[in-house]
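K.L.:
Structure file entry20.txt (compact mmCIF, C-alpha atoms) right here:
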```
# COMPACT_ATOMS: atom_id res chain seq x y z
CA MET Z 99 -34.24 30.11 -4.43
CA VAL Z 100 -33.58 27.84 -7.42
CA LYS Z 101 -29.94 27.68 -6.42
CA HIS Z 102 -30.86 26.47 -2.94
CA PHE Z 103 -33.15 23.81 -4.38
CA ILE Z 104 -30.33 22.59 -6.59
CA ILE Z 105 -27.97 22.45 -3.62
CA PHE Z 106 -30.58 20.65 -1.51
CA PHE Z 107 -31.31 17.89 -4.03
CA SER Z 108 -27.74 17.46 -5.20
CA GLY Z 109 -26.63 17.24 -1.56
CA PHE Z 110 -29.00 14.37 -0.85
CA ALA Z 111 -28.08 12.68 -4.12
CA VAL Z 112 -24.39 12.91 -3.25
CA ILE Z 113 -24.90 11.44 0.22
CA PHE Z 114 -26.89 8.49 -1.10
CA LEU Z 115 -24.49 7.89 -3.98
CA GLN Z 116 -21.59 7.93 -1.55
CA SER Z 117 -23.16 5.69 1.05
CA SER Z 118 -24.97 3.26 -1.24
CA PHE Z 119 -22.87 3.22 -4.39
CA PHE Z 120 -19.25 4.34 -4.20
CA ASN Z 121 -18.57 2.86 -0.75
CA ILE Z 122 -19.89 -0.50 -1.92
CA LEU Z 123 -17.67 -0.71 -5.01
CA LYS Z 124 -14.43 -2.63 -4.88
CA SER Z 125 -11.04 -1.00 -4.41
CA PRO Z 126 -9.85 1.34 -5.89
CA PHE Z 127 -13.30 2.54 -7.02
CA ASN Z 128 -14.46 2.83 -3.41
CA SER Z 129 -11.88 5.60 -2.96
CA VAL Z 130 -14.13 8.05 -4.79
CA ASN Z 131 -15.21 10.41 -2.05
CA LEU Z 132 -17.93 12.34 -3.83
CA PHE Z 133 -19.30 13.65 -0.54
CA LEU Z 134 -16.01 15.22 0.52
CA PHE Z 135 -15.54 16.66 -2.98
CA PHE Z 136 -19.02 18.17 -2.88
CA LEU Z 137 -18.37 19.54 0.60
CA ILE Z 138 -15.08 21.15 -0.46
CA LEU Z 139 -16.72 22.81 -3.48
CA LEU Z 140 -19.56 24.02 -1.30
CA LEU Z 141 -17.23 25.47 1.34
CA LEU Z 142 -14.96 26.95 -1.33
CA ASN Z 143 -17.85 28.87 -2.78
CA GLY Z 144 -17.55 31.21 0.13
CA ASN Z 145 -20.75 32.53 1.55
CA LYS Z 146 -22.48 31.81 4.81
CA ALA Z 147 -25.43 30.01 3.26
CA ASN Z 148 -23.13 27.46 1.64
CA VAL Z 149 -21.34 26.82 4.92
CA VAL Z 150 -24.69 26.18 6.57
CA TRP Z 151 -25.63 23.86 3.71
CA GLY Z 152 -22.31 22.04 4.15
CA LEU Z 153 -23.00 21.52 7.84
CA PHE Z 154 -26.55 20.40 7.11
CA PHE Z 155 -25.39 17.73 4.69
CA THR Z 156 -22.72 16.61 7.13
CA VAL Z 157 -25.45 16.08 9.73
CA ILE Z 158 -27.42 14.00 7.20
CA ALA Z 159 -24.27 12.02 6.37
CA GLU Z 160 -23.82 11.33 10.08
CA LEU Z 161 -27.09 9.40 10.06
CA TYR Z 162 -25.38 6.78 7.94
CA SER Z 163 -22.18 6.65 9.93
CA LEU Z 164 -21.05 4.68 12.95
CA LEU Z 165 -19.05 7.56 14.33
CA PRO Z 166 -20.13 9.28 17.53
CA SER Z 167 -22.49 12.10 16.63
CA GLY Z 168 -20.73 15.36 15.95
CA VAL Z 169 -17.35 14.05 14.80
CA LEU Z 170 -18.02 14.62 11.11
CA THR Z 171 -19.60 18.01 11.77
CA PHE Z 172 -16.58 19.03 13.81
CA CYS Z 173 -14.28 17.94 10.96
CA THR Z 174 -16.38 19.94 8.48
CA ILE Z 175 -16.14 23.08 10.63
CA LEU Z 176 -12.36 22.76 10.83
CA LEU Z 177 -12.21 22.00 7.11
CA PHE Z 178 -14.14 25.18 6.43
CA TYR Z 179 -11.64 27.25 8.40
CA PHE Z 180 -8.75 25.48 6.70
CA ILE Z 181 -10.19 26.17 3.25
CA ARG Z 182 -10.96 29.73 4.17
CA TYR Z 183 -7.40 30.30 5.37
CA ILE Z 184 -5.70 28.65 2.38
CA SER Z 185 -8.07 30.25 -0.07
CA GLY Z 186 -7.63 33.67 1.51
CA LYS Z 187 -3.84 33.50 1.69
CA PHE Z 188 -2.58 31.56 -1.30
CA LEU Z 189 -5.02 29.92 -3.63
CA GLY Z 190 -7.86 32.34 -3.97
CA ASP Z 191 -8.17 32.54 -7.73
CA ASN Z 192 -10.40 30.57 -10.01
CA TYR Z 193 -7.76 28.75 -12.04
CA PHE Z 194 -7.98 25.03 -12.45
CA PHE Z 195 -4.60 24.36 -10.87
CA SER Z 196 -5.38 26.55 -7.87
CA LEU Z 197 -8.57 24.60 -7.32
CA SER Z 198 -6.70 21.31 -7.80
CA ALA Z 199 -4.11 22.32 -5.22
CA LEU Z 200 -6.83 23.43 -2.82
CA ILE Z 201 -8.71 20.19 -3.20
CA PHE Z 202 -5.48 18.21 -2.86
CA LEU Z 203 -4.66 19.96 0.43
CA SER Z 204 -8.23 19.75 1.69
CA VAL Z 205 -8.49 16.00 1.07
CA ILE Z 206 -5.23 15.41 2.93
CA PHE Z 207 -6.24 17.73 5.76
CA TYR Z 208 -9.70 16.17 6.15
CA ASN Z 209 -8.44 12.59 6.12
CA LEU Z 210 -5.59 13.23 8.54
CA LEU Z 211 -7.89 15.21 10.82
CA LEU Z 212 -10.52 12.46 10.85
CA THR Z 213 -7.87 9.78 11.47
CA ALA Z 214 -6.35 11.83 14.30
CA ILE Z 215 -9.72 12.50 15.94
CA LEU Z 216 -10.73 8.85 15.71
CA SER Z 217 -7.40 7.69 17.13
CA LEU Z 218 -7.80 10.16 19.99
CA LEU Z 219 -11.41 9.13 20.60
CA ARG Z 220 -10.40 5.50 20.66
CA VAL Z 221 -8.22 6.20 23.71
CA PHE Z 222 -11.28 7.36 25.66
CA ILE Z 223 -13.99 5.27 24.00
CA PRO Z 224 -12.54 1.88 22.97
CA SER Z 225 -15.74 0.91 21.15
CA VAL Z 226 -15.26 3.66 18.56
CA MET Z 227 -14.94 2.01 15.18
CA ALA Z 228 -11.90 3.34 13.38
CA ALA Z 229 -9.85 2.08 10.50
CA ASP Z 230 -6.36 1.11 11.69
CA ILE Z 231 -3.61 3.42 10.50
CA SER Z 232 -1.49 1.47 8.07
CA ALA Z 233 0.09 1.81 4.65
CA ASP Z 234 -3.38 1.18 3.23
CA THR Z 235 -4.62 4.40 4.84
CA PHE Z 236 -2.15 6.46 2.83
CA ILE Z 237 -2.76 4.48 -0.34
CA TYR Z 238 -6.45 5.16 0.14
CA ILE Z 239 -5.82 8.91 0.59
CA PHE Z 240 -3.68 8.85 -2.56
CA TYR Z 241 -6.51 7.20 -4.53
CA GLU Z 242 -8.93 9.70 -3.05
CA ILE Z 243 -6.80 12.60 -4.29
CA ILE Z 244 -6.58 11.06 -7.76
CA SER Z 245 -10.34 10.54 -7.88
CA ALA Z 246 -10.95 14.10 -6.61
CA PHE Z 247 -8.75 15.37 -9.44
CA PHE Z 248 -10.83 13.48 -12.00
CA LEU Z 249 -14.02 14.75 -10.41
CA LEU Z 250 -12.67 18.28 -10.67
CA LEU Z 251 -11.91 17.75 -14.35
CA LEU Z 252 -15.54 16.80 -14.75
CA PHE Z 253 -17.09 19.54 -12.67
CA TYR Z 254 -14.65 22.42 -13.21
CA PRO Z 255 -16.35 24.04 -16.24
CA PRO Z 256 -19.74 24.61 -14.60
CA TYR Z 257 -18.26 25.28 -11.17
CA SER Z 258 -15.85 28.00 -12.35
CA LEU Z 259 -18.83 29.91 -13.71
CA ILE Z 260 -20.75 30.03 -10.46
CA ARG Z 261 -17.93 30.26 -7.93
CA THR Z 262 -17.63 33.41 -5.86
CA ARG Z 263 -14.82 34.31 -3.50
CA PHE Z 264 -15.09 34.51 0.27
CA LYS Z 265 -17.03 37.49 1.43
CA PHE Z 266 -16.26 37.29 5.13
CA MET K 1244 -25.02 38.62 11.60
CA LYS K 1245 -27.67 40.30 13.77
CA ILE K 1246 -29.82 38.22 16.06
CA PHE K 1247 -32.29 40.01 18.34
CA SER K 1248 -30.35 43.25 17.75
CA PHE K 1249 -27.12 41.66 19.10
CA LYS K 1250 -24.26 41.33 16.70
CA VAL K 1251 -23.15 37.71 16.78
CA LYS K 1252 -19.99 36.54 15.06
CA PHE K 1253 -20.41 33.72 12.57
CA PRO K 1254 -17.90 31.33 14.25
CA PHE K 1255 -19.85 31.58 17.51
CA LEU K 1256 -23.05 30.79 15.66
CA ILE K 1257 -21.46 27.70 14.14
CA ALA K 1258 -20.08 26.60 17.52
CA ALA K 1259 -23.48 27.11 19.14
CA ALA K 1260 -25.23 25.17 16.38
CA PHE K 1261 -22.70 22.36 16.73
CA LEU K 1262 -23.17 22.11 20.50
CA LEU K 1263 -26.95 22.25 20.11
CA LEU K 1264 -26.81 19.46 17.56
CA ILE K 1265 -24.79 17.24 19.91
CA PHE K 1266 -27.24 18.03 22.71
CA PHE K 1267 -30.26 17.24 20.52
CA HIS K 1268 -28.70 14.00 19.36
CA TYR K 1269 -27.92 12.66 22.80
CA THR K 1270 -31.29 13.70 24.24
CA GLY K 1271 -33.04 11.97 21.34
CA ILE K 1272 -34.91 15.05 20.14
CA LEU K 1273 -33.61 14.49 16.61
CA SER K 1274 -34.65 10.81 16.51
CA PRO K 1275 -38.01 11.29 14.74
CA ALA K 1276 -36.37 13.38 12.01
CA LYS K 1277 -33.60 10.81 11.63
CA ASP K 1278 -36.10 7.93 11.47
CA PHE K 1279 -38.16 9.77 8.91
CA THR K 1280 -35.13 10.44 6.68
CA ILE K 1281 -33.93 6.84 6.84
CA LYS K 1282 -37.40 5.40 6.27
CA ILE K 1283 -38.14 7.64 3.30
CA PHE K 1284 -34.85 7.15 1.51
CA SER K 1285 -34.00 3.52 2.29
CA PRO K 1286 -35.85 2.07 -0.77
CA ILE K 1287 -33.87 4.37 -3.09
CA GLN K 1288 -30.65 3.50 -1.27
CA ALA K 1289 -31.41 -0.22 -1.51
CA LYS K 1290 -31.75 0.14 -5.30
CA ILE K 1291 -28.50 2.11 -5.60
CA THR K 1292 -26.72 -0.48 -3.44
CA ARG K 1293 -28.09 -3.25 -5.63
CA LEU K 1294 -26.64 -1.51 -8.67
CA ALA K 1295 -23.25 -1.16 -6.96
CA LEU K 1296 -23.26 -4.82 -5.94
CA TYR K 1297 -24.18 -5.79 -9.51
CA ILE K 1298 -21.24 -3.76 -10.85
CA ASN K 1299 -18.99 -5.40 -8.25
CA GLY K 1300 -20.17 -8.79 -9.43
CA LYS K 1301 -19.43 -7.82 -13.02
CA LEU K 1302 -15.97 -6.54 -12.10
CA SER K 1303 -15.02 -9.76 -10.35
CA SER K 1304 -16.61 -12.22 -12.78
CA ASN K 1305 -14.39 -14.52 -14.82
CA ASP K 1306 -14.39 -13.81 -18.56
CA GLU K 1307 -14.03 -17.46 -19.57
CA ILE K 1308 -17.24 -18.49 -17.85
CA THR K 1309 -20.41 -16.63 -18.69
CA THR K 1310 -21.77 -14.62 -15.80
CA GLU K 1311 -25.09 -16.42 -15.92
CA ASN K 1312 -23.52 -19.87 -15.71
CA TYR K 1313 -21.10 -18.74 -13.04
CA LYS K 1314 -23.91 -17.38 -10.89
CA LYS K 1315 -25.90 -20.57 -11.30
CA LEU K 1316 -22.88 -22.66 -10.33
CA GLU K 1317 -22.23 -20.49 -7.30
CA GLU K 1318 -25.83 -20.79 -6.19
CA LYS K 1319 -25.72 -24.54 -6.73
CA LEU K 1320 -22.50 -24.77 -4.74
CA VAL K 1321 -23.99 -22.92 -1.80
CA GLU K 1322 -27.13 -25.05 -1.94
CA LEU K 1323 -25.05 -28.22 -2.05
CA SER K 1324 -22.84 -27.03 0.78
CA VAL K 1325 -25.86 -26.36 2.95
CA GLU K 1326 -27.32 -29.73 1.98
CA ASN K 1327 -24.02 -31.45 2.64
CA ALA K 1328 -23.74 -29.88 6.07
CA ARG K 1329 -27.23 -31.08 6.84
CA LEU K 1330 -26.48 -34.62 5.66
CA GLN K 1331 -23.31 -34.83 7.70
CA LEU K 1332 -25.22 -33.81 10.75
CA LEU K 1333 -27.83 -36.48 9.93
CA GLU K 1334 -25.15 -39.12 9.99
CA GLU K 1335 -23.66 -37.84 13.20
CA GLU K 1336 -26.62 -38.20 15.49
CA ASN K 1337 -30.36 -38.19 15.40
CA GLU K 1338 -30.48 -35.69 18.21
CA GLN K 1339 -28.57 -33.18 16.14
CA LEU K 1340 -31.15 -33.52 13.39
CA LYS K 1341 -33.86 -32.68 15.86
CA ASN K 1342 -31.93 -29.65 16.99
CA GLN K 1343 -31.40 -28.48 13.46
CA LEU K 1344 -35.06 -28.87 12.63
CA LYS K 1345 -35.79 -26.83 15.70
CA VAL K 1346 -33.38 -24.20 14.43
CA VAL K 1347 -35.07 -24.12 11.02
CA GLN K 1348 -38.47 -23.88 12.65
CA ASN K 1349 -37.22 -21.16 14.93
CA LEU K 1350 -35.87 -19.24 11.97
CA GLY K 1351 -39.38 -19.20 10.56
CA LYS K 1352 -40.83 -17.85 13.78
CA SER K 1353 -38.67 -15.05 14.97
CA PHE K 1354 -36.66 -13.18 12.42
CA VAL K 1355 -36.68 -9.88 10.64
CA SER K 1356 -35.72 -9.27 7.03
CA CYS K 1357 -33.58 -6.22 6.33
CA ARG K 1358 -32.30 -4.57 3.19
CA ILE K 1359 -28.67 -3.60 2.73
CA ILE K 1360 -28.77 0.13 2.05
CA GLY K 1361 -25.10 0.99 1.85
CA LYS K 1362 -21.99 1.44 3.90
CA ASP K 1363 -20.69 3.91 6.45
CA THR K 1364 -20.34 7.38 4.91
CA ALA K 1365 -17.16 8.28 6.76
CA LEU K 1366 -15.31 5.14 7.73
CA ARG K 1367 -13.44 2.76 5.50
CA THR K 1368 -14.79 -0.37 7.09
CA GLY K 1369 -16.45 -3.48 5.74
CA LEU K 1370 -19.65 -2.79 7.70
CA PHE K 1371 -22.97 -2.59 5.88
CA ASN K 1372 -25.93 -0.40 6.80
CA LEU K 1373 -29.26 -2.23 7.17
CA ASN K 1374 -32.64 -0.52 7.10
CA CYS K 1375 -33.85 -2.05 10.38
CA GLY K 1376 -33.09 -1.13 13.94
CA ILE K 1377 -34.22 -1.14 17.54
CA LYS K 1378 -37.82 -0.52 16.48
CA ASP K 1379 -37.70 -3.85 14.60
CA ASN K 1380 -36.29 -5.58 17.72
CA VAL K 1381 -32.82 -5.70 16.20
CA THR K 1382 -30.17 -5.44 18.90
CA VAL K 1383 -26.38 -5.55 18.99
CA GLY K 1384 -24.81 -8.98 18.59
CA LEU K 1385 -27.70 -10.70 16.81
CA PRO K 1386 -26.73 -13.13 14.04
CA VAL K 1387 -27.49 -12.34 10.42
CA ILE K 1388 -28.03 -15.05 7.81
CA SER K 1389 -28.62 -15.14 4.07
CA SER K 1390 -31.85 -16.37 2.52
CA GLN K 1391 -30.16 -19.76 2.09
CA GLY K 1392 -29.43 -20.01 5.79
CA VAL K 1393 -25.72 -19.21 5.58
CA PHE K 1394 -24.26 -17.26 8.49
CA ILE K 1395 -23.19 -13.83 7.22
CA GLY K 1396 -22.23 -11.92 10.33
CA ARG K 1397 -23.46 -10.06 13.36
CA ILE K 1398 -25.16 -6.78 14.17
CA TYR K 1399 -22.43 -4.42 15.31
CA GLN K 1400 -24.38 -1.31 16.17
CA THR K 1401 -27.99 -0.32 16.04
CA GLU K 1402 -30.15 2.76 16.21
CA SER K 1403 -33.91 3.14 16.02
CA ARG K 1404 -34.25 2.58 12.24
CA ILE K 1405 -30.77 1.67 11.08
CA SER K 1406 -28.20 -0.90 12.09
CA GLN K 1407 -24.76 -1.99 10.99
CA LEU K 1408 -23.89 -5.51 9.93
CA MET K 1409 -20.35 -6.70 10.55
CA PRO K 1410 -19.80 -9.50 8.03
CA VAL K 1411 -17.84 -12.56 9.00
CA THR K 1412 -15.13 -11.44 6.54
CA ASP K 1413 -14.32 -8.39 8.71
CA PRO K 1414 -10.98 -8.74 10.57
CA LYS K 1415 -12.54 -7.35 13.77
CA ILE K 1416 -15.17 -10.09 14.14
CA LYS K 1417 -14.71 -13.21 16.24
CA ILE K 1418 -17.11 -16.12 15.83
CA GLY K 1419 -17.18 -19.36 17.78
CA ALA K 1420 -17.25 -22.08 15.14
CA ALA K 1421 -16.93 -25.83 14.69
CA ILE K 1422 -15.49 -27.92 11.89
CA LEU K 1423 -17.74 -30.77 10.84
CA ASN K 1424 -15.21 -33.57 11.31
CA ASP K 1425 -15.54 -36.62 13.58
CA GLU K 1426 -14.80 -34.63 16.73
CA GLN K 1427 -16.66 -31.45 15.67
CA THR K 1428 -13.55 -29.48 16.53
CA MET K 1429 -14.15 -25.99 17.80
CA GLY K 1430 -12.22 -22.82 17.08
CA ILE K 1431 -12.56 -19.10 16.56
CA ILE K 1432 -13.26 -17.68 13.13
CA THR K 1433 -12.14 -14.21 12.16
CA GLY K 1434 -12.02 -12.35 8.84
CA ARG K 1435 -8.72 -11.97 7.00
CA GLY K 1436 -9.71 -8.82 5.16
CA ASP K 1437 -9.34 -10.43 1.74
CA GLY K 1438 -12.72 -12.14 1.59
CA LEU K 1439 -11.49 -15.33 3.26
CA LEU K 1440 -11.74 -16.36 6.91
CA LYS K 1441 -9.22 -17.73 9.35
CA MET K 1442 -10.13 -20.32 11.95
CA GLU K 1443 -7.76 -20.29 14.90
CA TYR K 1444 -7.27 -22.19 18.16
CA ILE K 1445 -7.83 -25.58 16.56
CA PRO K 1446 -6.04 -28.15 18.73
CA LYS K 1447 -3.05 -29.80 17.14
CA GLY K 1448 -3.44 -33.38 16.05
CA VAL K 1449 -6.97 -32.91 14.80
CA LYS K 1450 -7.24 -33.81 11.13
CA ILE K 1451 -8.59 -30.93 9.06
CA ASP K 1452 -9.18 -31.70 5.40
CA THR K 1453 -10.08 -29.33 2.64
CA GLU K 1454 -13.80 -29.10 1.78
CA MET K 1455 -14.73 -29.79 5.42
CA LEU K 1456 -17.50 -27.48 6.49
CA ALA K 1457 -17.37 -24.88 9.23
CA VAL K 1458 -20.54 -24.06 11.14
CA THR K 1459 -21.45 -21.87 14.10
CA SER K 1460 -20.89 -23.50 17.47
CA GLU K 1461 -22.94 -23.43 20.64
CA LEU K 1462 -20.45 -21.01 22.15
CA GLU K 1463 -22.02 -18.18 20.18
CA ILE K 1464 -24.54 -16.22 22.24
CA ASN K 1465 -27.96 -15.70 20.57
CA THR K 1466 -26.80 -17.70 17.54
CA PRO K 1467 -28.27 -21.06 16.59
CA LYS K 1468 -25.57 -23.68 16.29
CA ASP K 1469 -24.79 -25.46 13.00
CA LEU K 1470 -25.41 -22.52 10.72
CA LEU K 1471 -23.11 -22.96 7.75
CA ILE K 1472 -20.23 -20.47 7.58
CA GLY K 1473 -17.96 -21.87 4.89
CA SER K 1474 -15.65 -24.65 3.81
CA VAL K 1475 -11.99 -25.31 4.58
CA VAL K 1476 -9.59 -24.30 1.84
CA GLU K 1477 -6.30 -24.91 3.63
CA SER K 1478 -4.99 -25.88 7.05
CA THR K 1479 -1.64 -24.97 8.55
CA ALA K 1480 0.15 -26.11 11.70
CA ASP K 1481 2.97 -24.02 13.10
CA PRO K 1482 5.47 -26.24 15.03
CA ASN K 1483 6.01 -23.42 17.55
CA ASN K 1484 2.35 -23.06 18.34
CA PHE K 1485 0.00 -25.17 20.46
CA PHE K 1486 -2.76 -24.74 17.92
CA GLN K 1487 -3.24 -25.08 14.21
CA SER K 1488 -5.28 -22.83 11.96
CA ALA K 1489 -7.39 -23.20 8.85
CA VAL K 1490 -8.40 -20.91 6.00
CA ILE K 1491 -12.15 -20.93 5.36
CA LYS K 1492 -13.93 -19.76 2.24
CA PRO K 1493 -17.30 -18.25 3.21
CA SER K 1494 -20.35 -19.86 1.60
CA PHE K 1495 -21.93 -16.58 0.62
CA GLU K 1496 -21.06 -13.94 -1.93
CA ILE K 1497 -21.57 -10.51 -0.43
CA ASN K 1498 -22.25 -9.01 -3.87
CA ASP K 1499 -25.31 -11.23 -4.25
CA LEU K 1500 -26.91 -10.07 -1.02
CA THR K 1501 -29.54 -7.39 -1.02
CA VAL K 1502 -31.86 -8.75 1.64
CA VAL K 1503 -30.62 -10.46 4.81
CA THR K 1504 -32.33 -12.06 7.79
CA VAL K 1505 -31.63 -11.12 11.38
CA ILE K 1506 -32.44 -13.95 13.79
CA LEU K 1507 -34.14 -12.55 16.86
CA PRO K 1508 -33.43 -14.04 20.31
```
Could you write out this file's structure as structure tokens?
P.N.:
Amino acid sequence: MVKHFIIFFSGFAVIFLQSSFFNILKSPFNSVNLFLFFLILLLLNGNKANVVWGLFFTVIAELYSLLPSGVLTFCTILLFYFIRYISGKFLGDNYFFSLSALIFLSVIFYNLLLTAILSLLRVFIPSVMAADISADTFIYIFYEIISAFFLLLLFYPPYSLIRTRFKF
Amino acid sequence: MKIFSFKVKFPFLIAAAFLLLIFFHYTGILSPAKDFTIKIFSPIQAKITRLALYINGKLSSNDEITTENYKKLEEKLVELSVENARLQLLEEENEQLKNQLKVVQNLGKSFVSCRIIGKDTALRTGLFNLNCGIKDNVTVGLPVISSQGVFIGRIYQTESRISQLMPVTDPKIKIGAAILNDEQTMGIITGRGDGLLKMEYIPKGVKIDTEMLAVTSELEINTPKDLLIGSVVESTADPNNFFQSAVIKPSFEINDLTVVTVILP
């Protein structure tokens, strides 16, 4: 019960910090994607409750997004399956470098997936707001990976203690 | 997972929940919950945003000038620019003064103040979230000004309790504007993405000097004319083009904004 309370409050805190703090900061500090990092850690800690929490927070995050409803949730579902596959096949252990590699791949996967979905949506709904794909997009993803690495350095010690492997 | 004695696979549950969520969103069933969340948390978000904007201001401040003096000078500059725009209009024609007074009076009558509560959680855009929406009579396309009366941008999208402000510095915006020279030359202002603006479609042969002021023109729907946008920094004329363009520095500093005013129609 306490664990769920912690997840609940930290989830909200992460969403508000992301939307109201990190996104406002100037480049490259606005590359810190705390929400995605939190989501990856949540989905990595493989049990059904955490997946449901991940989806719940994605729905809350969608309140503060211009995207058509459901796009972020869809990305989170696919991210979950991606993490589950990678974690099950190659990087299932609890070592720091395994987690780093997993987060590295997940950040790339999530960003490319979101960019692809938005580009596709734009064909059908021209009013969809999407960042144009340019060199900046990849620079941004690079910064996001770097920041995720630093976040992992910060959060690895407590996280490695509580992490459990996928049970399903 | 067992539901009503049927064994349901987890992926199907997720897919069902996802489809239900989309359905609930588009039918508006989730609106009260969304409104409640935004209303409850917007004061906290406004404070966090203020902190982020303060840090931004610190990051971009010049070390040689103290931050306090710099801020005061910036404020003074904006005030003087607004005053200068007003004086130029006074000299132009008495009718324009009347119109401007009407605009000022109108601003006092129908407007709504909104707090900036952050940015989009998923997109890397320059759009800001405001804590007012359709329930506050805020609709798409309405102009947004600062407390000093400087034109900041337009409402890009709105929901019941939240809306998105597209600042004039965004490359996707297009604003009908006029330069306060003898002819009040019109053009289209768009953001450059680096904090400055570009005014295009200015006819060739028109003299554009630096420090000339750019204001909103009557071509803008729902927007009062003569709202200050910025001042000319540079003008360029391409010999292969029918038009010339100018670089405009906006008269507002986005990091100083926490509360903005949406002018209602």
K.L.:
Please return, as JSON, numbers by chain, all residues of chain Z lying within 10 Å of chain K when only C-alpha atoms are considered.
P.N.:
{"Z": [110, 111, 113, 114, 115, 116, 117, 118, 119, 120, 121, 122, 123, 124, 125, 127, 128, 129, 131, 133, 134, 146, 149, 150, 153, 156, 157, 158, 159, 160, 161, 162, 163, 164, 165, 166, 167, 168, 169, 170, 171, 172, 175, 179, 209, 212, 213, 216, 227, 228, 229, 230, 235, 238, 266]}
K.L.:
Within 7 Å of (-29.3, -15.1, 13.9) in the file's own coordinates, which protein, DNA or RNA residues have an atom, counting only C-alpha atoms? List them as a PDB file with C-alpha atoms, in the frame of the given file.
P.N.:
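Okay, this is what ended up in selection36.pdb:
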```pdb
ATOM      1  CA  LEU K1385     -27.700 -10.700  16.810  1.00  0.00           C
ATOM      2  CA  PRO K1386     -26.730 -13.130  14.040  1.00  0.00           C
ATOM      3  CA  VAL K1387     -27.490 -12.340  10.420  1.00  0.00           C
ATOM      4  CA  ILE K1388     -28.030 -15.050   7.810  1.00  0.00           C
ATOM      5  CA  ASN K1465     -27.960 -15.700  20.570  1.00  0.00           C
ATOM      6  CA  THR K1466     -26.800 -17.700  17.540  1.00  0.00           C
ATOM      7  CA  PRO K1467     -28.270 -21.060  16.590  1.00  0.00           C
ATOM      8  CA  VAL K1505     -31.630 -11.120  11.380  1.00  0.00           C
ATOM      9  CA  ILE K1506     -32.440 -13.950  13.790  1.00  0.00           C
ATOM     10  CA  LEU K1507     -34.140 -12.550  16.860  1.00  0.00           C
TER      11      LEU K1507
END
```
K.L.:
Let me make sure I understand: among Z:Ile104, Z:Leu219, Z:Leu142, Z:Ile244, which one has the smallest atom-to-atom distance to Arg182 of chain Z if we use all atoms listed in the file?
P.N.:
Z:Leu142
K.L.:
Rank K:Cys1357, K:Val1325, K:Ile1377, K:Thr1412 by their smallest atom-to-atom distance to Glu1496 of chain K, using all atoms listed in the file, and report the top residue only.
P.N.:
K:Thr1412
K.L.:
Go ahead and find all residues with at least one atom no further than 9 Å from (-16.1, -18.3, 18.5) in the file's coordinates, using only C-alpha atoms; report them as a VMD selection string.
P.N.:
chain K and resid 1417 to 1421 1429 to 1433 1459 to 1463
K.L.:
Which residue gives the smallest distance to Phe106 of chain Z among Z:Val130, Z:Phe135, Z:Tyr254, Z:Asn148, with all atoms listed in the file counted?
P.N.:
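Of Z:Val130, Z:Phe135, Z:Tyr254, Z:Asn148, the one nearest Phe106 of chain Z is Z:Asn148, counting all atoms listed in the file.
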K.L.:
Which one is closest to Phe178 of chain Z: Z:Gly109, Z:Gly152, Z:Gly190, Z:Pro126? Count only C-alpha atoms.
P.N.:
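Comparing Z:Gly109, Z:Gly152, Z:Gly190, Z:Pro126 against Phe178 of chain Z, the winner is Z:Gly152.
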K.L.:
For His102 of chain Z, which residue among Z:Ala147, Z:Ala233, Z:Leu210, Z:Leu249 is the nearest when counting all atoms listed in the file?
P.N.:
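Distance minimum relative to His102 of chain Z lands on Z:Ala147.
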K.L.:
Suppose you want the space between atom CA of Leu1500 of chain K and atom CA of Gln1391 of chain K; what is it in Å?
P.N.:
10.7 Å
K.L.:
Quick one: distance from atom CA of Phe1485 of chain K to atom CA of Lys1441 of chain K in Å, one decimal?
P.N.:
16.2 Å
K.L.:
By how many Å are atom CA of Thr174 of chain Z and atom CA of Phe1267 of chain K apart?
P.N.:
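It comes out at 18.6 Å.
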K.L.:
List the neighbours of segment 1469-1477 of chain K out to 9 Å using only C-alpha atoms; skip same-chain residues closer than 5 positions along the sequence, and give me the result as an MDAnalysis selection string.
P.N.:
chainID K and resid 1324:1325 1328:1329 1332 1343 1346 1388 1392:1395 1411 1420:1422 1440 1451:1461 1488:1495
K.L.:
Would you pick out the contacts of Phe253 of chain Z at 12 Å or less, using only C-alpha atoms, so that residues sharing its chain but fewer than 2 positions from it are not included, and give the list as a PyMOL selection string?
P.N.:
chain Z and resi 132+135-136+139+194+197-198+246-251+255-261
K.L.:
If we count only C-alpha atoms and set the cut-off at 8 Å, which residues sit around segment 199-204 of chain Z, ignoring sequence neighbours fewer than 2 positions away in its own chain? Please answer as number ranges by chain.
P.N.:
Z: 135, 138, 177, 180-181, 184-185, 189, 195-197, 206-208, 243, 246-247
K.L.:
Could you check the closest approach to Thr1428 of chain K for each of K:Ile1416, K:Cys1375, K:Ile1445, K:Ile1283 and tell me which residue wins, using all atoms listed in the file?
P.N.:
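Under the stated criterion, the closest residue is K:Ile1445.
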